[in-house]
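Comments concern the structure below.
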Amino acid sequence: MDQLALLFVLLLGALVSVPVGDRLGLPAPVLMTLLGIVLAIADFVPNVNIPPELILPGLLPPLLYAAVRRTSWRQFTANIRPIFLLAVALVFVTTAVVAAVASAIVPGLPIAAAVALGALVAPPDPVAATAVAGQLGLPRRLVSILEGEGLFNDVTAIVLYHVAIAAAVSGSFSPWRAGLDLVLSAVVAVAVGLVLGWGANKLMDLLDDPTLQIGMTLLVPYASYVLAEELHGSGVLAVLTTALFLAEYATDADDVMTRLAGHTFWNVVDTLVTGVAFGLIGLELHNAIRTASGRWGEMLGWAAAVVGVVVLVRLAWLLPATWLTKRLHAKRDQDEDIPTSWRETVVMWWSGMRGVASVALALAIPLKTDDGSPFPDRDEIVFIAFGVIMATLVLQGLTLPWLVKRLGVRADTEREKEFERALAVRAAKAAKARLKEIEQVEELPEELSEQMLRRAFEIGVRISPDMGDEERREAHEKRVRRLKRARRIQGEMLSAARHEVLAARSEPGADPEIVDRVLRHLDVRSLR
């Protein structure tokens, strides 16, 4: 098997793992990691030769962009306090504690190298957290916090990592310089993200074609990441800023085709890239196995100690942080998503899985320092990092569904239905208000006016059938049954028409382009 065939296997696995995971009740990223481990052990599978410096810029931009599409700037600002406590403060605390423990148990490990180890294992993976949490039916407030933490903790961890690596390579460290680098990195990233977001928004207006606009959304995250890194900013923060800007300002309510096609496109990209990313995590296991040759007992002990530190620090931090956030929330009465019970706090604790960023940072550790000597304890750091990744991703990922079920942490479906009903009422009122505006300008026949008024009501009822009274609901249900029957018959008629047009494609003298144009017309008609 060559590298190309291996990539095909990972892409195929990414697709198959979704229905298999749904049937088994397991997250697809965890299944892909297990597949990667199996492939890494197999003798006929080649070692993956991907330059470490290409892993983060190759995988993170589309994954981050896809994740941001599911959130909003309002949701982020509403949860700024818990996100800050997890994505910034907890990363600093985890890095410091891991560095202290690692320097104490690993003989001769310099403090700078220990800090690099702490930084690369500190951030829970944004893709794993959102993919796992989204499949378990967790309360939306928990998913929002996990998404926010996962999206922003990489920014803090990567900057800390680069500072520690620079100190280990050069042999010198300046706290003031490190703090200045952190601030400048954030400022440059936000500036790049806003500029590219504004430029991409204007350019998409000029393109005025769904295909080209969706293609632009694929290029923008990569451009934002690369440009920010070139200017010594945070590529991750730049992508997040660009994505949040576009989600806020580049949405046209009437651009139906672009929205539907873009949603489908990004679901496909998210599924494939996520599968490949977690498959690569499993495949990189051979590096850790080779590193530990002849020293299994000692190195497994170090890895287990760091795993314990990472897991316990998260729990020890979450308990008081959740309590503090609740107290502040009660005093200020803000609309903020916070865990409401110890059960939800436990689920948040067990959702701290490490993944793509930690792998990429571990593999990107330099081989040598500035004076030409080997990077101190590089093999040990890589092995410990993979131990943390495998333990948290596989162990926690496999047991999280059981834990969620055991604790009974589920989404508040009644609250979601209530919000859905409120949106349905707003949609129906907006439609009626627009109808009144049209009637003031145009003279509509009474029959047409009544028909449009019923349609306005039906807009809301189709979203939430509970919004109408019983009599109206019964009348609507009768109309829906008639409409379904009419649509079924129309669907069969359109199907016959599509089969006839498609058959003409293979007839002598038929122009395939014209046939495809007619077929697209029938396809669009079928969506109405």
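Please note that chains go A, B, ... in the order of the structure tokens, that every chain numbers its residues from 1, and that ligands are numbered from 1 in the order shown.
Every protein or nucleic acid residue with an atom no more than 6 Å from region 28-35 of chain A, counting only C-alpha atoms and leaving out same-chain residues fewer than 6 positions away, appears here: A:Ser17, A:Val18, A:Gly21, A:Gly275, A:Phe278, A:Gly279, A:Gly282, A:Val394.
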Those selected residues, please, written with C-alpha atoms and delivered as an mmCIF file, in the first residue's frame.
```cif
data_model
loop_
_atom_site.group_PDB
_atom_site.id
_atom_site.type_symbol
_atom_site.label_atom_id
_atom_site.label_comp_id
_atom_site.auth_asym_id
_atom_site.auth_seq_id
_atom_site.Cartn_x
_atom_site.Cartn_y
_atom_site.Cartn_z
ATOM 1 C CA SER A 17 -17.394 5.802 10.416
ATOM 2 C CA VAL A 18 -20.384 8.171 10.566
ATOM 3 C CA GLY A 21 -20.695 5.376 14.900
ATOM 4 C CA GLY A 275 -11.836 11.674 9.473
ATOM 5 C CA PHE A 278 -8.097 11.591 13.466
ATOM 6 C CA GLY A 279 -6.947 8.746 11.252
ATOM 7 C CA GLY A 282 -3.775 6.802 15.063
ATOM 8 C CA VAL A 394 -9.797 6.875 23.014
#
```
Shell of 10 Å around Val190 (chain A), only C-alpha atoms, local chain residues under 2 positions omitted, as a list in words: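 Final neighbour list, sorted by chain and number: Leu184, Ser185, Ala186, Val187, Val188, Val192, Gly193, Leu194, Val195, Leu196, Ala228, Gly233, Ser234, Gly235, Leu237, Ala238, Val239, Leu240, Thr241 and Thr242 of chain A.
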Within 8 Å of Leu300 (chain A), counting only C-alpha atoms, which residues show up once you throw out same-chain ones fewer than 4 positions away? Write them as an MDAnalysis selection string, please. chainID A and resid 296 304 384 387
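CA of Met348 (chain A) sits 7.2 Å away from CA of Leu142 (chain A).
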Just give me the gap between CA of Leu315 (chain A) and CA of Leu146 (chain A) in Å, one decimal is fine.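 Between CA of Leu315 (chain A) and CA of Leu146 (chain A) the gap works out to 14.5 Å.
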Extract, using only C-alpha atoms, all DNA, RNA and protein residues at most 10 Å from Leu318 (chain A), discarding same-chain residues fewer than 3 positions from it, and format them as a list of chain:residue names. A:Pro82, A:Leu85, A:Leu86, A:Leu90, A:Leu312, A:Val313, A:Arg314, A:Leu315, A:Ala321, A:Thr322, A:Trp323, A:Leu324, A:Thr345, A:Val346, A:Met348, A:Trp349
Leu109 (chain A) environment, 12 Å, only C-alpha atoms, sequence neighbours closer than 3 positions dropped, as a list in words: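 After dropping sequence-adjacent residues, the list is Ala99, Ala100, Val101, Ala102, Ser103, Ala104, Ile105, Val106, Ala112, Ala113, Ala114, Val115, Ala116, Leu117, Ala168, Phe375, Pro376, Asp377, Arg378, Asp379, Glu380 and Ile381 of chain A.
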DSSP on the backbone, alpha helix (DSSP H) only: what residues of region 156-363 of chain A does that give? Format it as a count of residues only. 173
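Here CA of Val121 (chain A) is placed at a distance of 12.0 Å from CA of Gly308 (chain A).
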